[in-house]
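S.K.: This is the content of entry21.txt (compact mmCIF, N, CA and C atoms):
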```txt
# COMPACT_ATOMS: atom_id res chain seq x y z
N ASN A 1 0.84 -1.18 0.00
CA ASN A 1 0.00 0.00 0.00
C ASN A 1 0.88 1.24 0.00
N LEU A 2 0.36 2.32 -0.57
CA LEU A 2 1.07 3.60 -0.59
C LEU A 2 0.12 4.70 -0.17
N GLY A 3 0.47 5.42 0.89
CA GLY A 3 -0.29 6.59 1.32
C GLY A 3 0.40 7.84 0.83
N PHE A 4 -0.34 8.71 0.17
CA PHE A 4 0.28 9.90 -0.40
C PHE A 4 0.56 10.98 0.64
N THR A 5 -0.10 10.93 1.80
CA THR A 5 0.23 11.86 2.88
C THR A 5 0.78 11.06 4.04
N SER A 6 -0.05 10.68 4.98
CA SER A 6 0.38 9.89 6.13
C SER A 6 -0.44 8.61 6.21
N GLY A 7 0.17 7.55 6.71
CA GLY A 7 -0.54 6.29 6.88
C GLY A 7 -0.65 5.47 5.62
N GLY A 8 0.34 4.62 5.36
CA GLY A 8 0.32 3.80 4.17
C GLY A 8 -0.82 2.81 4.12
N ALA A 9 -1.29 2.34 5.28
CA ALA A 9 -2.40 1.39 5.33
C ALA A 9 -3.64 1.99 5.99
N ILE A 10 -3.46 2.73 7.10
CA ILE A 10 -4.60 3.31 7.82
C ILE A 10 -4.31 4.77 8.17
N PHE A 11 -5.27 5.64 7.88
CA PHE A 11 -5.23 7.05 8.28
C PHE A 11 -6.52 7.31 9.04
N SER A 12 -6.42 7.65 10.32
CA SER A 12 -7.62 7.84 11.14
C SER A 12 -7.55 9.14 11.91
N GLN A 13 -8.66 9.87 11.92
CA GLN A 13 -8.76 11.09 12.72
C GLN A 13 -9.98 11.00 13.61
N ALA A 14 -9.78 11.26 14.90
CA ALA A 14 -10.82 11.29 15.92
C ALA A 14 -11.45 9.91 16.11
N GLY A 15 -12.38 9.81 17.04
CA GLY A 15 -13.02 8.53 17.31
C GLY A 15 -12.14 7.62 18.14
N ALA A 16 -12.19 6.33 17.85
CA ALA A 16 -11.41 5.34 18.58
C ALA A 16 -10.94 4.26 17.61
N GLU A 17 -9.74 3.78 17.84
CA GLU A 17 -9.17 2.72 17.01
C GLU A 17 -8.76 1.56 17.90
N TYR A 18 -9.16 0.35 17.51
CA TYR A 18 -8.69 -0.86 18.17
C TYR A 18 -8.16 -1.77 17.07
N ILE A 19 -6.86 -1.93 17.04
CA ILE A 19 -6.20 -2.73 16.01
C ILE A 19 -5.62 -3.95 16.71
N THR A 20 -6.02 -5.14 16.27
CA THR A 20 -5.61 -6.35 16.97
C THR A 20 -5.26 -7.48 16.01
N ALA A 21 -4.28 -8.28 16.42
CA ALA A 21 -3.94 -9.54 15.75
C ALA A 21 -3.83 -9.42 14.24
N THR A 22 -2.98 -8.52 13.78
CA THR A 22 -2.78 -8.35 12.35
C THR A 22 -1.31 -8.01 12.08
N THR A 23 -0.95 -8.03 10.82
CA THR A 23 0.41 -7.67 10.41
C THR A 23 0.35 -6.57 9.38
N PHE A 24 1.17 -5.54 9.57
CA PHE A 24 1.36 -4.48 8.59
C PHE A 24 2.77 -4.65 8.04
N GLU A 25 2.88 -4.99 6.77
CA GLU A 25 4.18 -5.28 6.19
C GLU A 25 4.34 -4.56 4.84
N ALA A 26 5.49 -3.89 4.69
CA ALA A 26 5.90 -3.25 3.43
C ALA A 26 4.92 -2.17 2.95
N ASN A 27 4.36 -1.41 3.88
CA ASN A 27 3.55 -0.25 3.53
C ASN A 27 4.46 0.97 3.44
N THR A 28 4.07 1.96 2.63
CA THR A 28 4.87 3.17 2.45
C THR A 28 3.96 4.39 2.45
N SER A 29 4.44 5.48 3.05
CA SER A 29 3.73 6.75 2.95
C SER A 29 4.71 7.85 2.58
N ASN A 30 4.18 8.89 1.95
CA ASN A 30 4.99 10.05 1.60
C ASN A 30 4.99 11.09 2.71
N GLY A 31 4.49 10.73 3.86
CA GLY A 31 4.50 11.59 5.05
C GLY A 31 4.84 10.72 6.24
N GLY A 32 4.32 11.04 7.39
CA GLY A 32 4.58 10.24 8.58
C GLY A 32 3.80 8.94 8.56
N ALA A 33 4.27 7.96 9.27
CA ALA A 33 3.59 6.68 9.48
C ALA A 33 3.54 5.83 8.23
N GLY A 34 4.51 4.98 8.08
CA GLY A 34 4.53 4.07 6.95
C GLY A 34 3.32 3.15 6.92
N ALA A 35 2.82 2.74 8.08
CA ALA A 35 1.67 1.82 8.13
C ALA A 35 0.42 2.48 8.70
N VAL A 36 0.48 3.00 9.93
CA VAL A 36 -0.72 3.48 10.62
C VAL A 36 -0.50 4.89 11.17
N TYR A 37 -1.40 5.80 10.80
CA TYR A 37 -1.40 7.17 11.32
C TYR A 37 -2.72 7.40 12.04
N VAL A 38 -2.63 7.82 13.30
CA VAL A 38 -3.83 8.08 14.10
C VAL A 38 -3.69 9.46 14.72
N GLU A 39 -4.74 10.28 14.59
CA GLU A 39 -4.72 11.64 15.12
C GLU A 39 -5.93 11.88 16.02
N GLY A 40 -5.67 12.21 17.28
CA GLY A 40 -6.73 12.59 18.20
C GLY A 40 -7.70 11.48 18.54
N ALA A 41 -7.28 10.24 18.44
CA ALA A 41 -8.17 9.11 18.72
C ALA A 41 -7.62 8.28 19.87
N ASN A 42 -8.52 7.73 20.69
CA ASN A 42 -8.12 6.74 21.67
C ASN A 42 -7.71 5.51 20.89
N THR A 43 -6.51 5.01 21.16
CA THR A 43 -5.96 3.95 20.32
C THR A 43 -5.44 2.80 21.15
N ARG A 44 -5.85 1.59 20.80
CA ARG A 44 -5.33 0.36 21.40
C ARG A 44 -4.77 -0.51 20.29
N ILE A 45 -3.53 -0.93 20.46
CA ILE A 45 -2.87 -1.81 19.51
C ILE A 45 -2.42 -3.03 20.29
N ASP A 46 -2.91 -4.21 19.90
CA ASP A 46 -2.65 -5.42 20.68
C ASP A 46 -2.35 -6.58 19.74
N GLY A 47 -1.17 -7.18 19.89
CA GLY A 47 -0.81 -8.34 19.10
C GLY A 47 -0.59 -8.04 17.63
N VAL A 48 -0.03 -6.88 17.34
CA VAL A 48 0.17 -6.43 15.97
C VAL A 48 1.66 -6.47 15.63
N THR A 49 1.97 -6.89 14.40
CA THR A 49 3.35 -6.90 13.92
C THR A 49 3.50 -5.84 12.84
N PHE A 50 4.50 -4.98 13.00
CA PHE A 50 4.86 -3.96 12.02
C PHE A 50 6.23 -4.33 11.48
N ILE A 51 6.33 -4.67 10.19
CA ILE A 51 7.61 -5.09 9.64
C ILE A 51 7.84 -4.47 8.26
N GLY A 52 9.00 -3.84 8.12
CA GLY A 52 9.42 -3.31 6.82
C GLY A 52 8.56 -2.18 6.27
N ASN A 53 7.96 -1.38 7.14
CA ASN A 53 7.17 -0.23 6.70
C ASN A 53 8.09 0.98 6.58
N LYS A 54 7.71 1.92 5.72
CA LYS A 54 8.61 3.04 5.44
C LYS A 54 7.84 4.34 5.27
N ALA A 55 8.28 5.36 5.98
CA ALA A 55 7.75 6.72 5.82
C ALA A 55 8.85 7.55 5.18
N ILE A 56 8.61 8.04 3.98
CA ILE A 56 9.62 8.84 3.28
C ILE A 56 9.21 10.30 3.31
N GLN A 57 10.16 11.17 3.27
CA GLN A 57 9.92 12.62 3.35
C GLN A 57 9.10 12.97 4.59
N SER A 58 9.41 12.31 5.69
CA SER A 58 8.58 12.44 6.89
C SER A 58 9.25 13.18 8.03
N ALA A 59 10.41 13.76 7.78
CA ALA A 59 11.20 14.40 8.85
C ALA A 59 11.50 13.40 9.95
N GLY A 60 11.57 12.12 9.59
CA GLY A 60 11.91 11.09 10.56
C GLY A 60 10.78 10.69 11.48
N LEU A 61 9.53 10.93 11.08
CA LEU A 61 8.38 10.64 11.94
C LEU A 61 7.70 9.33 11.55
N GLY A 62 7.72 8.35 12.44
CA GLY A 62 6.89 7.17 12.33
C GLY A 62 7.13 6.23 11.17
N GLY A 63 8.18 5.44 11.22
CA GLY A 63 8.39 4.45 10.17
C GLY A 63 7.25 3.46 10.08
N ALA A 64 6.72 3.04 11.23
CA ALA A 64 5.59 2.10 11.27
C ALA A 64 4.31 2.80 11.72
N LEU A 65 4.41 3.59 12.76
CA LEU A 65 3.25 4.13 13.45
C LEU A 65 3.52 5.57 13.86
N GLN A 66 2.54 6.44 13.64
CA GLN A 66 2.63 7.80 14.15
C GLN A 66 1.30 8.13 14.80
N VAL A 67 1.38 8.61 16.05
CA VAL A 67 0.18 8.97 16.80
C VAL A 67 0.28 10.43 17.19
N GLN A 68 -0.69 11.22 16.79
CA GLN A 68 -0.83 12.61 17.22
C GLN A 68 -1.98 12.63 18.20
N ARG A 69 -1.65 12.73 19.47
CA ARG A 69 -2.67 12.65 20.51
C ARG A 69 -3.46 13.95 20.63
N GLY A 70 -4.73 13.83 20.90
CA GLY A 70 -5.54 14.96 21.30
C GLY A 70 -5.33 15.20 22.79
N SER A 71 -5.94 16.21 23.32
CA SER A 71 -5.69 16.57 24.72
C SER A 71 -6.11 15.48 25.70
N ASN A 72 -7.14 14.70 25.39
CA ASN A 72 -7.59 13.65 26.30
C ASN A 72 -7.43 12.25 25.71
N ALA A 73 -6.82 12.12 24.58
CA ALA A 73 -6.67 10.82 23.93
C ALA A 73 -5.58 9.99 24.62
N TYR A 74 -5.71 8.68 24.53
CA TYR A 74 -4.70 7.80 25.08
C TYR A 74 -4.26 6.77 24.03
N VAL A 75 -3.08 6.21 24.25
CA VAL A 75 -2.53 5.18 23.38
C VAL A 75 -2.04 4.03 24.25
N VAL A 76 -2.44 2.80 23.91
CA VAL A 76 -1.98 1.61 24.60
C VAL A 76 -1.46 0.64 23.55
N ILE A 77 -0.21 0.19 23.71
CA ILE A 77 0.38 -0.80 22.81
C ILE A 77 0.81 -1.99 23.66
N LYS A 78 0.26 -3.18 23.33
CA LYS A 78 0.59 -4.39 24.08
C LYS A 78 0.94 -5.52 23.12
N ARG A 79 1.85 -6.38 23.56
CA ARG A 79 2.20 -7.62 22.84
C ARG A 79 2.39 -7.41 21.34
N SER A 80 3.07 -6.34 20.94
CA SER A 80 3.26 -6.02 19.53
C SER A 80 4.74 -6.00 19.19
N THR A 81 5.05 -6.19 17.91
CA THR A 81 6.42 -6.27 17.43
C THR A 81 6.67 -5.24 16.35
N PHE A 82 7.80 -4.53 16.47
CA PHE A 82 8.23 -3.55 15.46
C PHE A 82 9.60 -4.01 14.96
N SER A 83 9.72 -4.19 13.64
CA SER A 83 10.98 -4.68 13.09
C SER A 83 11.23 -4.09 11.71
N GLU A 84 12.44 -3.58 11.52
CA GLU A 84 12.92 -3.10 10.21
C GLU A 84 12.01 -2.03 9.58
N ASN A 85 11.43 -1.17 10.40
CA ASN A 85 10.65 -0.03 9.92
C ASN A 85 11.59 1.17 9.79
N GLU A 86 11.25 2.11 8.91
CA GLU A 86 12.18 3.19 8.62
C GLU A 86 11.43 4.49 8.34
N ALA A 87 11.96 5.58 8.87
CA ALA A 87 11.46 6.93 8.57
C ALA A 87 12.63 7.77 8.10
N THR A 88 12.48 8.43 6.97
CA THR A 88 13.57 9.21 6.40
C THR A 88 13.14 10.67 6.20
N THR A 89 14.11 11.51 5.98
CA THR A 89 13.81 12.93 5.73
C THR A 89 13.88 13.24 4.26
```
Would you put the structure from the file into structure tokens?
M.R.:
Amino acid sequence: NLGFTSGGAIFSQAGAEYITATTFEANTSNGGAGAVYVEGANTRIDGVTFIGNKAIQSAGLGGALQVQRGSNAYVVIKRSTFSENEATT
């Protein structure tokens, strides 16, 4: 998958995200977050593998995952693996 801004596989704003038991592999974005970009959402990531994702022209933000928290948003990451992800400028 290729995201032209942020989030090669998922781009989410507001609400809530629960991502579980999946693999994000070889996704690319032309902004932050090679695989998953979440902004202002309560986010739970459980049992997820991020491998070989790439964010290019991202000022080094989020090779696999980028989270922009809102004032009351929370992020929980459990039992997940990050491997060979890359963010470049």
S.K.: For a cut-off of 5 Å around (-4.1, 11.2, 19.0), file coordinates, pick out all residues using only N, CA and C atoms and list them as a VMD selection string.
M.R.: chain A and resid 38 to 41 67 to 70
S.K.: Could you check how far CA of Gln66 (chain A) sits from CA of Arg79 (chain A), in Å to one decimal?
M.R.: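 According to the coordinates, CA of Gln66 (chain A) and CA of Arg79 (chain A) are separated by 17.7 Å.
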S.K.: Between A:Phe50, A:Val75, A:Ile45, A:Leu65, which has the minimum distance to Gly32 (chain A) (counting all atoms listed in the file)?
M.R.: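 That would be A:Leu65, the residue with the smallest distance to Gly32 (chain A).
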S.K.: When you look at region 7-24 of chain A with a cut-off of 8 Å (counting only C-alpha atoms), what residues show up, excluding the ones that are within fewer than 2 positions of it in the same chain? I need them as a ChimeraX atom specification.
M.R.: /A:1-5,26-29,31-51,53,65
S.K.: Please list as a count of residues only every residue within 5 Å of region 82-88 of chain A, counting only N, CA and C atoms and excluding residues in the same chain fewer than 6 positions away.
M.R.: 12
S.K.: How many Å lie between CA of Val76 (chain A) and atom C of Gly62 (chain A), rounded to one decimal?
M.R.: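 The value is 16.9 Å.
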S.K.: One decimal, Å: what's the distance from CA of Lys78 (chain A) over to atom N of Leu61 (chain A), could you say?
M.R.: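 Pair CA of Lys78 (chain A) / atom N of Leu61 (chain A) returns 22.0 Å.
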S.K.: Padding of 5 Å on every side, edges along x, y and z, all listed atoms of region 58-76 of chain A included: what centre and edge lengths in Å, to one decimal, does that box have, as JSON?
M.R.:
```
{"center_x": 2.2, "center_y": 8.6, "center_z": 16.0, "size_x": 29.5, "size_y": 25.9, "size_z": 30.6}
```
S.K.: Among region 16-76 of chain A, which ones does DSSP assign to strand (DSSP E or B) (computed from the backbone)? Answer as a VMD selection string.
M.R.: chain A and resid 16 to 20 23 to 25 28 to 29 36 to 39 42 to 46 49 to 51 54 to 55 65 to 68 75 to 76
